[in-house]
Each structure stands twice: as structure tokens, then as C-alpha cells.
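Participant: So that you have it, the file is query35.cif, and it contains mmCIF, C-alpha atoms and all ligand atoms:
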```cif
data_run
#
loop_
_atom_site.group_PDB
_atom_site.id
_atom_site.type_symbol
_atom_site.label_atom_id
_atom_site.label_comp_id
_atom_site.auth_asym_id
_atom_site.auth_seq_id
_atom_site.Cartn_x
_atom_site.Cartn_y
_atom_site.Cartn_z
ATOM 1 C CA MET A 1 -0.163 32.068 2.024
ATOM 2 C CA GLN A 2 -2.309 34.186 4.376
ATOM 3 C CA LYS A 3 -3.108 31.101 6.501
ATOM 4 C CA GLU A 4 0.577 30.281 6.865
ATOM 5 C CA LEU A 5 1.455 33.900 7.645
ATOM 6 C CA ASN A 6 -1.265 33.959 10.328
ATOM 7 C CA LYS A 7 0.105 30.773 11.891
ATOM 8 C CA ILE A 8 3.637 32.185 11.979
ATOM 9 C CA ALA A 9 2.295 35.427 13.507
ATOM 10 C CA ARG A 10 0.369 33.425 16.159
ATOM 11 C CA ASP A 11 3.371 31.236 17.006
ATOM 12 C CA THR A 12 5.724 34.234 17.179
ATOM 13 C CA ASN A 13 3.332 36.189 19.398
ATOM 14 C CA SER A 14 2.752 33.199 21.638
ATOM 15 C CA PHE A 15 6.529 32.683 22.063
ATOM 16 C CA LEU A 16 6.986 36.385 22.877
ATOM 17 C CA GLN A 17 4.032 36.403 25.323
ATOM 18 C CA LYS A 18 5.549 33.465 27.229
ATOM 19 C CA PHE A 19 9.056 34.944 27.099
ATOM 20 C CA ILE A 20 7.850 38.247 28.577
ATOM 21 C CA LYS A 21 5.658 36.490 31.155
ATOM 22 C CA LYS A 22 8.728 34.729 32.566
ATOM 23 C CA GLN A 23 10.471 38.073 33.136
ATOM 24 C CA LYS A 24 10.071 40.198 36.256
ATOM 25 C CA LYS A 25 7.300 42.776 35.650
ATOM 26 C CA THR A 26 8.187 46.451 35.064
ATOM 27 C CA GLU A 27 6.288 49.583 34.045
ATOM 28 C CA LEU A 28 7.709 49.310 30.528
ATOM 29 C CA ILE A 29 6.133 45.920 29.800
ATOM 30 C CA ILE A 30 2.782 47.446 28.765
ATOM 31 C CA PRO A 31 4.183 49.873 26.130
ATOM 32 C CA MET A 32 6.578 47.143 24.938
ATOM 33 C CA LYS A 33 3.668 44.742 24.460
ATOM 34 C CA TYR A 34 1.722 47.500 22.710
ATOM 35 C CA GLY A 35 4.572 47.858 20.204
ATOM 36 C CA LEU A 36 4.802 44.103 19.724
ATOM 37 C CA PHE A 37 1.212 42.930 19.693
ATOM 38 C CA SER A 38 -0.916 45.795 18.349
ATOM 39 C CA GLY A 39 -1.196 44.053 14.978
ATOM 40 C CA GLY A 40 1.741 43.541 12.668
ATOM 41 C CA LYS A 41 2.023 40.993 9.898
ATOM 42 C CA LYS A 42 5.233 39.271 11.102
ATOM 43 C CA ILE A 43 6.361 39.095 7.484
ATOM 44 C CA ARG A 44 10.044 39.014 8.456
ATOM 45 C CA SER A 45 9.452 35.807 10.428
ATOM 46 C CA LYS A 46 7.666 34.379 7.382
ATOM 47 C CA ILE A 47 10.727 35.054 5.214
ATOM 48 C CA LEU A 48 12.919 33.413 7.867
ATOM 49 C CA VAL A 49 10.664 30.324 7.898
ATOM 50 C CA ASP A 50 10.521 30.232 4.065
ATOM 51 C CA ILE A 51 14.323 30.341 3.776
ATOM 52 C CA GLY A 52 14.659 27.922 6.708
ATOM 53 C CA SER A 53 12.449 25.423 4.865
ATOM 54 C CA LEU A 54 14.926 25.387 1.956
ATOM 55 C CA PHE A 55 17.379 23.868 4.446
ATOM 56 C CA LYS A 56 14.880 21.758 6.452
ATOM 57 C CA LEU A 57 15.542 23.691 9.669
ATOM 58 C CA ASN A 58 13.651 23.251 12.934
ATOM 59 C CA TYR A 59 10.479 25.395 12.935
ATOM 60 C CA LYS A 60 10.604 26.207 16.669
ATOM 61 C CA ILE A 61 14.159 27.517 16.422
ATOM 62 C CA LEU A 62 13.193 29.652 13.416
ATOM 63 C CA ILE A 63 10.227 31.077 15.353
ATOM 64 C CA MET A 64 12.532 32.041 18.251
ATOM 65 C CA ILE A 65 14.964 33.792 15.905
ATOM 66 C CA GLY A 66 12.019 35.449 14.134
ATOM 67 C CA ALA A 67 10.743 36.663 17.504
ATOM 68 C CA ALA A 68 14.069 38.437 18.077
ATOM 69 C CA VAL A 69 13.755 40.057 14.638
ATOM 70 C CA GLU A 70 10.194 41.165 15.417
ATOM 71 C CA CYS A 71 11.426 42.824 18.648
ATOM 72 C CA ILE A 72 13.900 44.915 16.638
ATOM 73 C CA HIS A 73 11.264 45.624 13.997
ATOM 74 C CA ALA A 74 8.759 46.774 16.665
ATOM 75 C CA TYR A 75 11.473 48.955 18.212
ATOM 76 C CA SER A 76 12.217 50.571 14.848
ATOM 77 C CA LEU A 77 8.522 51.339 14.260
ATOM 78 C CA ILE A 78 8.102 52.921 17.713
ATOM 79 C CA HIS A 79 11.130 55.149 17.116
ATOM 80 C CA ASP A 80 10.187 55.833 13.486
ATOM 81 C CA ASP A 81 6.862 57.343 14.618
ATOM 82 C CA LEU A 82 8.451 59.749 17.134
ATOM 83 C CA PRO A 83 8.140 63.517 16.511
ATOM 84 C CA CYS A 84 11.917 63.774 15.925
ATOM 85 C CA MET A 85 11.679 61.101 13.190
ATOM 86 C CA ASP A 86 8.619 60.698 10.945
ATOM 87 C CA ASN A 87 6.172 62.167 13.477
ATOM 88 C CA ASP A 88 3.291 59.754 12.844
ATOM 89 C CA SER A 89 0.355 59.509 15.218
ATOM 90 C CA ILE A 90 -1.256 56.352 13.813
ATOM 91 C CA ARG A 91 0.314 52.935 13.400
ATOM 92 C CA ARG A 92 -1.550 49.695 12.628
ATOM 93 C CA GLY A 93 -4.822 51.612 12.862
ATOM 94 C CA LYS A 94 -4.123 52.650 16.473
ATOM 95 C CA PRO A 95 -2.423 55.579 18.212
ATOM 96 C CA SER A 96 1.375 55.317 17.881
ATOM 97 C CA THR A 97 3.189 54.235 21.049
ATOM 98 C CA HIS A 98 4.363 57.780 21.938
ATOM 99 C CA ILE A 99 0.808 59.116 21.513
ATOM 100 C CA LYS A 100 -0.550 56.473 23.876
ATOM 101 C CA PHE A 101 2.230 56.432 26.481
ATOM 102 C CA GLY A 102 4.290 59.614 25.972
ATOM 103 C CA GLU A 103 7.569 60.210 24.200
ATOM 104 C CA SER A 104 10.087 59.226 26.848
ATOM 105 C CA THR A 105 8.221 55.982 27.576
ATOM 106 C CA ALA A 106 8.119 55.178 23.853
ATOM 107 C CA VAL A 107 11.891 55.747 23.538
ATOM 108 C CA LEU A 108 12.583 53.475 26.516
ATOM 109 C CA ALA A 109 10.111 50.776 25.450
ATOM 110 C CA GLY A 110 11.820 50.793 22.030
ATOM 111 C CA ASN A 111 15.271 50.498 23.588
ATOM 112 C CA SER A 112 14.077 47.624 25.775
ATOM 113 C CA LEU A 113 12.697 45.769 22.752
ATOM 114 C CA LEU A 114 16.066 46.085 21.029
ATOM 115 C CA THR A 115 17.878 44.545 23.973
ATOM 116 C CA MET A 116 15.186 41.880 24.354
ATOM 117 C CA ALA A 117 16.187 40.638 20.883
ATOM 118 C CA PHE A 118 19.662 39.913 22.249
ATOM 119 C CA GLU A 119 18.198 38.252 25.357
ATOM 120 C CA ILE A 120 16.231 35.897 23.091
ATOM 121 C CA LEU A 121 19.191 35.055 20.861
ATOM 122 C CA SER A 122 21.488 34.368 23.823
ATOM 123 C CA HIS A 123 18.849 32.472 25.842
ATOM 124 C CA LYS A 124 19.588 28.938 27.066
ATOM 125 C CA ASN A 125 16.299 27.681 25.581
ATOM 126 C CA LEU A 126 17.491 28.552 22.093
ATOM 127 C CA ASP A 127 18.922 25.155 21.341
ATOM 128 C CA LEU A 128 21.962 26.106 19.277
ATOM 129 C CA PRO A 129 25.747 25.992 19.814
ATOM 130 C CA GLU A 130 27.127 29.089 21.575
ATOM 131 C CA LYS A 131 29.219 30.004 18.503
ATOM 132 C CA THR A 132 26.102 30.003 16.299
ATOM 133 C CA LYS A 133 24.306 32.272 18.782
ATOM 134 C CA ILE A 134 27.238 34.707 18.754
ATOM 135 C CA ASP A 135 27.253 34.685 14.938
ATOM 136 C CA LEU A 136 23.508 35.417 14.898
ATOM 137 C CA ILE A 137 23.871 38.254 17.421
ATOM 138 C CA ASN A 138 26.787 39.665 15.455
ATOM 139 C CA LYS A 139 24.795 39.642 12.201
ATOM 140 C CA ILE A 140 21.603 41.098 13.704
ATOM 141 C CA SER A 141 23.617 43.871 15.427
ATOM 142 C CA GLU A 142 25.299 44.761 12.151
ATOM 143 C CA SER A 143 21.878 44.848 10.449
ATOM 144 C CA SER A 144 20.401 47.186 13.063
ATOM 145 C CA GLY A 145 23.160 49.751 13.557
ATOM 146 C CA HIS A 146 24.754 52.450 11.429
ATOM 147 C CA HIS A 147 25.405 50.040 8.537
ATOM 148 C CA GLY A 148 21.779 48.933 8.689
ATOM 149 C CA ILE A 149 18.414 50.194 9.908
ATOM 150 C CA ALA A 150 19.690 53.160 11.925
ATOM 151 C CA GLY A 151 22.038 54.259 9.124
ATOM 152 C CA GLY A 152 19.234 53.925 6.564
ATOM 153 C CA GLN A 153 16.868 55.924 8.723
ATOM 154 C CA TYR A 154 19.505 58.658 8.992
ATOM 155 C CA LEU A 155 19.764 58.811 5.190
ATOM 156 C CA ASP A 156 15.960 58.754 4.795
ATOM 157 C CA LEU A 157 15.626 61.799 7.058
ATOM 158 C CA SER A 158 18.557 63.658 5.526
ATOM 159 C CA TYR A 159 17.256 63.121 1.950
ATOM 160 C CA GLU A 160 13.931 64.904 2.631
ATOM 161 C CA HIS A 161 13.200 67.752 0.148
ATOM 162 C CA LYS A 162 16.323 66.957 -1.893
ATOM 163 C CA LYS A 163 16.827 65.546 -5.373
ATOM 164 C CA ILE A 164 18.440 62.170 -4.785
ATOM 165 C CA SER A 165 19.737 59.720 -7.420
ATOM 166 C CA LYS A 166 18.138 56.280 -7.959
ATOM 167 C CA LYS A 167 21.324 54.575 -6.748
ATOM 168 C CA LYS A 168 21.259 56.517 -3.477
ATOM 169 C CA ILE A 169 17.531 55.937 -2.898
ATOM 170 C CA ILE A 170 18.009 52.188 -3.407
ATOM 171 C CA GLU A 171 21.031 52.186 -1.089
ATOM 172 C CA MET A 172 19.007 54.010 1.594
ATOM 173 C CA GLU A 173 15.983 51.678 1.276
ATOM 174 C CA ILE A 174 18.199 48.599 1.426
ATOM 175 C CA LYS A 175 19.730 49.860 4.670
ATOM 176 C CA LYS A 176 16.517 51.121 6.283
ATOM 177 C CA THR A 177 14.333 48.147 5.385
ATOM 178 C CA GLY A 178 16.433 45.589 3.541
ATOM 179 C CA LYS A 179 19.022 44.826 6.213
ATOM 180 C CA LEU A 180 16.581 43.148 8.578
ATOM 181 C CA PHE A 181 15.365 41.005 5.663
ATOM 182 C CA SER A 182 19.026 40.254 4.878
ATOM 183 C CA PHE A 183 19.410 38.964 8.411
ATOM 184 C CA CYS A 184 16.300 36.773 8.001
ATOM 185 C CA CYS A 185 17.760 35.251 4.824
ATOM 186 C CA ALA A 186 21.261 34.831 6.287
ATOM 187 C CA ALA A 187 20.236 33.338 9.653
ATOM 188 C CA PRO A 188 19.293 29.865 8.287
ATOM 189 C CA LEU A 189 22.695 29.652 6.574
ATOM 190 C CA ILE A 190 24.440 30.674 9.787
ATOM 191 C CA LEU A 191 22.579 27.811 11.498
ATOM 192 C CA LYS A 192 23.777 25.451 8.766
ATOM 193 C CA LYS A 193 27.363 26.746 9.211
ATOM 194 C CA LYS A 194 27.616 27.672 5.514
ATOM 195 C CA SER A 195 30.572 29.593 4.078
ATOM 196 C CA ILE A 196 30.816 33.415 4.271
ATOM 197 C CA LYS A 197 30.361 33.474 0.480
ATOM 198 C CA GLU A 198 27.090 31.514 0.667
ATOM 199 C CA ILE A 199 25.852 33.662 3.567
ATOM 200 C CA LYS A 200 26.621 36.827 1.563
ATOM 201 C CA LYS A 201 24.571 35.483 -1.379
ATOM 202 C CA PHE A 202 21.554 35.106 0.877
ATOM 203 C CA GLU A 203 22.124 38.510 2.464
ATOM 204 C CA ASN A 204 21.954 39.975 -1.047
ATOM 205 C CA LEU A 205 18.778 38.015 -1.712
ATOM 206 C CA GLY A 206 17.367 39.491 1.514
ATOM 207 C CA ALA A 207 18.360 42.989 0.415
ATOM 208 C CA ASP A 208 16.337 42.499 -2.788
ATOM 209 C CA ILE A 209 13.349 41.198 -0.783
ATOM 210 C CA GLY A 210 13.628 44.157 1.603
ATOM 211 C CA LEU A 211 13.808 46.568 -1.306
ATOM 212 C CA LEU A 212 10.696 44.936 -2.790
ATOM 213 C CA PHE A 213 8.998 45.314 0.595
ATOM 214 C CA GLN A 214 9.916 49.020 0.768
ATOM 215 C CA VAL A 215 8.781 49.622 -2.834
ATOM 216 C CA ALA A 216 5.405 48.082 -1.874
ATOM 217 C CA ASP A 217 5.320 50.227 1.276
ATOM 218 C CA ASP A 218 5.900 53.345 -0.849
ATOM 219 C CA LEU A 219 3.132 52.229 -3.232
ATOM 220 C CA ILE A 220 0.760 51.807 -0.259
ATOM 221 C CA ASP A 221 1.577 55.342 0.836
ATOM 222 C CA TYR A 222 0.896 56.590 -2.712
ATOM 223 C CA GLU A 223 -2.243 54.565 -3.545
ATOM 224 C CA GLY A 224 -3.632 53.412 -0.227
ATOM 225 C CA LYS A 225 -6.225 54.560 2.262
ATOM 226 C CA LEU A 226 -5.871 54.882 6.036
ATOM 227 C CA SER A 227 -8.684 52.348 6.643
ATOM 228 C CA ALA A 228 -6.809 49.613 4.733
ATOM 229 C CA ALA A 229 -3.215 50.630 5.466
ATOM 230 C CA GLY A 230 -3.706 51.249 9.196
ATOM 231 C CA LYS A 231 -1.598 54.403 8.897
ATOM 232 C CA LYS A 232 -1.989 57.802 7.265
ATOM 233 C CA THR A 233 -1.184 57.666 3.553
ATOM 234 C CA GLY A 234 0.059 60.295 1.107
ATOM 235 C CA LYS A 235 2.699 61.326 3.672
ATOM 236 C CA ASP A 236 5.786 60.747 1.538
ATOM 237 C CA LYS A 237 4.885 63.496 -0.918
ATOM 238 C CA LYS A 238 3.960 65.940 1.874
ATOM 239 C CA LYS A 239 7.223 65.239 3.704
ATOM 240 C CA GLY A 240 9.281 65.464 0.496
ATOM 241 C CA LYS A 241 10.574 61.900 0.967
ATOM 242 C CA ALA A 242 13.035 60.563 -1.583
ATOM 243 C CA THR A 243 11.349 57.408 -2.905
ATOM 244 C CA LEU A 244 11.463 55.535 -6.204
ATOM 245 C CA ILE A 245 7.935 56.845 -6.890
ATOM 246 C CA SER A 246 9.122 60.444 -6.497
ATOM 247 C CA LEU A 247 11.892 59.734 -9.005
ATOM 248 C CA LEU A 248 10.482 57.180 -11.493
ATOM 249 C CA GLY A 249 6.739 57.807 -11.159
ATOM 250 C CA HIS A 250 3.953 55.423 -10.077
ATOM 251 C CA GLU A 251 3.767 53.121 -13.134
ATOM 252 C CA ASN A 252 7.529 52.650 -13.432
ATOM 253 C CA THR A 253 7.809 51.868 -9.732
ATOM 254 C CA ILE A 254 5.216 49.079 -10.103
ATOM 255 C CA LYS A 255 7.246 47.738 -13.058
ATOM 256 C CA TYR A 256 10.391 47.977 -10.928
ATOM 257 C CA GLY A 257 8.668 45.859 -8.246
ATOM 258 C CA TYR A 258 7.800 43.114 -10.765
ATOM 259 C CA LYS A 259 11.368 43.192 -12.127
ATOM 260 C CA LEU A 260 12.656 42.669 -8.593
ATOM 261 C CA ILE A 261 10.373 39.629 -8.165
ATOM 262 C CA LEU A 262 11.752 38.160 -11.415
ATOM 263 C CA LYS A 263 15.307 38.786 -10.221
ATOM 264 C CA ILE A 264 14.657 37.092 -6.863
ATOM 265 C CA ASP A 265 12.769 34.155 -8.425
ATOM 266 C CA ASN A 266 15.692 33.601 -10.810
ATOM 267 C CA LYS A 267 18.071 33.364 -7.876
ATOM 268 C CA LEU A 268 15.747 30.781 -6.283
ATOM 269 C CA LYS A 269 15.508 28.526 -9.362
ATOM 270 C CA ARG A 270 18.173 26.125 -8.129
ATOM 271 C CA TYR A 271 15.948 25.232 -5.147
ATOM 272 C CA GLY A 272 13.127 24.026 -7.437
ATOM 273 C CA SER A 273 9.716 23.395 -5.853
ATOM 274 C CA LYS A 274 11.164 23.972 -2.355
ATOM 275 C CA SER A 275 11.149 27.716 -3.090
ATOM 276 C CA LYS A 276 7.417 27.855 -3.928
ATOM 277 C CA ASN A 277 6.471 29.240 -0.505
ATOM 278 C CA LEU A 278 8.983 32.040 -0.803
ATOM 279 C CA SER A 279 7.758 32.923 -4.313
ATOM 280 C CA LYS A 280 4.207 33.190 -2.983
ATOM 281 C CA THR A 281 5.437 35.433 -0.169
ATOM 282 C CA LEU A 282 7.045 37.742 -2.753
ATOM 283 C CA ASP A 283 3.738 38.155 -4.614
ATOM 284 C CA TYR A 284 1.987 38.821 -1.321
ATOM 285 C CA ILE A 285 4.595 41.485 -0.451
ATOM 286 C CA LEU A 286 4.114 43.440 -3.685
ATOM 287 C CA ASN A 287 0.312 43.186 -3.777
ATOM 288 C CA ARG A 288 -0.493 43.725 -0.098
ATOM 289 C CA LYS A 289 -2.690 46.611 0.974
ATOM 290 C CA LYS A 290 -1.134 47.109 4.434
HETATM 291 C C1 LIG B 1 18.207 50.898 14.930
HETATM 292 C C2 LIG B 1 16.219 49.368 14.906
HETATM 293 C C3 LIG B 1 16.746 50.741 14.837
HETATM 294 C C4 LIG B 1 15.885 51.804 14.708
HETATM 295 C C5 LIG B 1 16.187 53.218 14.786
HETATM 296 C C6 LIG B 1 13.674 54.644 13.548
HETATM 297 C C7 LIG B 1 14.729 53.850 12.906
HETATM 298 C C8 LIG B 1 16.098 53.889 13.477
HETATM 299 C C9 LIG B 1 14.528 53.123 11.791
HETATM 300 C C10 LIG B 1 13.213 53.037 11.117
HETATM 301 C C11 LIG B 1 13.256 52.002 10.084
HETATM 302 C C12 LIG B 1 11.910 51.803 9.484
HETATM 303 C C13 LIG B 1 10.695 52.078 10.259
HETATM 304 C C14 LIG B 1 11.832 51.326 8.243
HETATM 305 C C15 LIG B 1 10.557 51.126 7.553
HETATM 306 C C16 LIG B 1 10.325 49.682 7.359
HETATM 307 C C17 LIG B 1 8.899 49.381 7.059
HETATM 308 C C18 LIG B 1 8.458 49.415 5.655
HETATM 309 C C19 LIG B 1 8.071 49.104 8.062
HETATM 310 C C20 LIG B 1 6.707 48.581 7.962
HETATM 311 O O1 LIG B 1 6.807 47.206 8.233
HETATM 312 P P1 LIG B 1 5.572 46.193 8.246
HETATM 313 O O2 LIG B 1 4.600 46.575 7.164
HETATM 314 O O3 LIG B 1 4.899 46.517 9.654
HETATM 315 O O4 LIG B 1 6.081 44.818 8.243
HETATM 316 P P2 LIG B 1 3.874 45.639 10.512
HETATM 317 O O5 LIG B 1 2.893 46.629 11.063
HETATM 318 O O6 LIG B 1 3.216 44.627 9.610
HETATM 319 O O7 LIG B 1 4.683 44.996 11.582
#
```
Please, can you express the file's structure as C-alpha cells?
Facilitator:
Amino acid sequence: MQKELNKIARDTNSFLQKFIKKQKKTELIIPMKYGLFSGGKKIRSKILVDIGSLFKLNYKILIMIGAAVECIHAYSLIHDDLPCMDNDSIRRGKPSTHIKFGESTAVLAGNSLLTMAFEILSHKNLDLPEKTKIDLINKISESSGHHGIAGGQYLDLSYEHKKISKKKIIEMEIKKTGKLFSFCCAAPLILKKKSIKEIKKFENLGADIGLLFQVADDLIDYEGKLSAAGKKTGKDKKKGKATLISLLGHENTIKYGYKLILKIDNKLKRYGSKSKNLSKTLDYILNRKK
């Protein structure tokens, strides 16, 4: 699993390096590259490749789409660390982008990474019909805006120091983290021109995977150490974040994570041995240390 994840990370980074190299140089390239290449597991691309392999899709095309996702992910992390958001000075074991380059540069580098995702998905080298590219851009935009990551982040910030119900916490985590995973699960079906109903099923599967990912992230914050996690831990409690751990407790949250894996694996049963890779990725997600 780790070997495969490393290969996907290498291939994604190499695509992005070449893509950026072909562009005219600007002052923002260095902070953008810092946000993209200063570590990062590229787990969203792995999910995209895992789902893509259920439908025998072209690896290179999946890597390009994954690269667009990683641009949006890197953007969200840069903005998430800003003083007006979660105010974190360490990310991936290094100074956060705004600490290294200043706040305004970090905001602009983040914005430029967001738009780079659309440049990648509309690029002539992405060998897909125009209609498919528009459908991908439409879905990734929906996942990133007020119905997705940005909306979830808004809820996350507004729930601080409040008693929030389980339903609302799950809804917030699915938006903040799950929606980008939903895109990764839906994209292969968009490529295969599947029905809206089928696409929705995979978006829901992605929401469960994203929720699992966020549960694991909350567990890392609760149990982990800076040296392993690459970021300060124990912050959620200090910031009064509404998480499943704050509501259900540590043990029950771990149980909740395993229940989610069972739920996702059940949905994958119809794909038989083809879904083995994805199942392994799910175990990795829940048991990771960073
Ligand atoms: C509209 C894209 C967008 C952003 C603006 C700041 C913000 C709104 C959203 C933040 C969303 C956010 C940071 C969610 C947390 C998701 C999460 C658990 C991130 C950690 O992801 P990993 O572990 O990171 O995959 P690496 O370092 O491996 O890349």
C-alpha cells in the first residue's frame, strides 16, 4: 500500500513540476510549490486511482485529475493555517506557508493553486472530450465552494466552543473534508459517462471515505505527537473544536471509524477482488500516524 501511495505521490508531483515549469515564471511560483511539494501524502489521488481501477481507466489521465485535486487540497491547507482560520504555524513538519512567505503571499499562492486546478482540467493535454472536462470542472467547483470545502470550513469555525449535535458535526466534516473525496470517487464515473444516480452513489461513498479520513485526522490530533504528525497536536481541545471525539469520546470514535470501514467495504462488495486496493487504503487511512 505504502509503495503504491509513494508511486502515485511521485507521479503526481512529477506531473505538477512539469506543468508549472511550462508556465511563465512569477514571484508566486515559489510559495505555490512550497504548498504543493513540502510533503503531503497525496491520498486523494490514491483514492482516485483506486476507484479508477474499478473501471479500468487510464492511469495517466487519473494522475492529471488527481493533480488538480491536490492543487485544491494544497490551497485549502495554506488558507486553513492562516491566522484568521486555524492559525497554525507548522504544517508537514515545516513552517506554514504564511510563516515562511507572509500572509498576503500565502493568500495569493492559495488562490493561484485553486485556479491552477481549473487550468489542469481544461488543458488540451488532458485527453478527454470537452463535455467530460466541463462536467469534471463543474463537480470539482461544487465540491470546493460553499456547498463543499469552504462551506464546511465556515461551519468548523463557527462551531468552536459550542455544543454541536453528532448530525451537525458529521455534516460539517463531510463538507470540509469529505467533498473533495466525493469528487475523487465521482470523477472516474464522470469519465465513464455513468448516470447521475450512479455518480451520486460514488459521491456518497466518497463522503464516507472523507469522513473516515477526518475521524482519523481528529484521532491524530488527540493521540499523536508533533514529530510523527508533522503538525502541532492537541489543538482541537484547546480551540474548542466540535469533533466526534469531543462528543463521543476517544474509544467510541475509534469504534465509529471501524464501523465506517465496514459500511464502505459493504458498498464495495459487488466489485469483488477489484476493490482490494481501496480496502487497503481505508485501513491505511484509519491507522495512519500523519
Ligand atoms: C475553498 C479549497 C477551499 C478552501 C478554503 C481553509 C478552507 C476553506 C478549508 C479548509 C479545509 C481543510 C483544511 C480541511 C481539513 C482536511 C484535512 C484533514 C487535511 C489534511 O489532509 P492530509 O493529511 O494532508 O491529506 P497532507 O499533508 O498529507 O497533504
Participant: Name all residues at most 8 Å from range 142-147 of chain A (count only C-alpha atoms; drop same-chain ones fewer than 4 positions away) and give them as a list in words.
Facilitator: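 Residues meeting the cut-off are Ile72, Asn138, Gly151, Gly152, Lys175, Lys179, Leu180, Ser182 and Phe183 of chain A.
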Participant: In the coordinates of the file, take the point (25.7, 27.2, 16.4) and a cut-off of 12 Å; then, counting all atoms listed in the file, name each qualifying protein, DNA or RNA residue as an MDAnalysis selection string.
Facilitator: chainID A and resid 61 121:122 126:137 187:194
Participant: Between A:Gly40, A:Gly230, A:Gly257, A:Gly210, which one has atoms that come closest to ligand LIG 1 (chain B), using only C-alpha atoms and all ligand atoms?
Facilitator: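 Among A:Gly40, A:Gly230, A:Gly257, A:Gly210, it is A:Gly40 that comes nearest to ligand LIG 1 (chain B).
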Participant: Have a look at A:Ala68, A:Ile47, A:Ala186, A:Leu77 and name the one nearest to ligand LIG 1 (chain B); count all atoms listed in the file.
Facilitator: A:Leu77
Participant: Could you work out how far CA of Ile174 in chain A lies from CA of Thr97 in chain A, giving the answer in Å with one decimal?
Facilitator: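 Interatomic distance here is 25.3 Å.
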Participant: Determine, using all atoms listed in the file, which residues of chain A have any atom at most 6 Å from an atom of ligand LIG 1 (chain B), and tabulate each with its shortest atom pair and distance in Å to one decimal place, rows ordered by chain and then rising number, as a Markdown table.
Facilitator:
```
| residue | atom | partner | partner_atom | distance |
| --- | --- | --- | --- | --- |
| A:Gly40 | CA | B:LIG1 | O7 | 3.5 |
| A:Lys41 | CA | B:LIG1 | O6 | 3.8 |
| A:Lys42 | CA | B:LIG1 | O7 | 5.8 |
| A:Ile43 | CA | B:LIG1 | O4 | 5.8 |
| A:Ile72 | CA | B:LIG1 | C2 | 5.3 |
| A:Tyr75 | CA | B:LIG1 | C2 | 5.8 |
| A:Ser76 | CA | B:LIG1 | C4 | 3.9 |
| A:Leu77 | CA | B:LIG1 | C13 | 4.6 |
| A:His79 | CA | B:LIG1 | C6 | 4.4 |
| A:Asp80 | CA | B:LIG1 | C6 | 3.7 |
| A:Arg92 | CA | B:LIG1 | O5 | 5.6 |
| A:Ser144 | CA | B:LIG1 | C1 | 4.7 |
| A:Gly145 | CA | B:LIG1 | C1 | 5.3 |
| A:Ile149 | CA | B:LIG1 | C1 | 5.1 |
| A:Ala150 | CA | B:LIG1 | C8 | 4.0 |
| A:Gln153 | CA | B:LIG1 | C9 | 4.8 |
| A:Lys176 | CA | B:LIG1 | C14 | 5.1 |
| A:Thr177 | CA | B:LIG1 | C16 | 4.7 |
| A:Gln214 | CA | B:LIG1 | C18 | 5.1 |
| A:Asp217 | CA | B:LIG1 | C18 | 5.4 |
```
Participant: Just checking: using all atoms listed in the file, which residue out of A:Met116, A:Ile29, A:Cys185, A:Ile140 ends up closest to Ser53 in chain A?
Facilitator: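 The shortest atom-to-atom distance to Ser53 in chain A comes from A:Cys185.
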Participant: CA of Leu286 in chain A to CA of Leu16 in chain A: how many Å, to one decimal?
Facilitator: 27.6 Å
Participant: Calculated over all atoms listed in the file, which of the candidates A:Ser104, A:Ile264, A:Ile99, A:Gly240 has the smallest distance to Lys280 in chain A?
Facilitator: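 Answer, going by the shortest atom-to-atom distance: A:Ile264.
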Participant: Choose the residue, out of A:Glu160, A:Asp11, A:Lys56, A:Lys139, that has the smallest atom-to-atom separation from Ile196 in chain A; count only C-alpha atoms.
Facilitator: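 Of all the options, A:Lys139 lies closest to Ile196 in chain A.
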Participant: Would you mind reading off the distance between CA of Tyr271 in chain A and CA of Lys46 in chain A, one decimal, in Å?
Facilitator: 17.6 Å
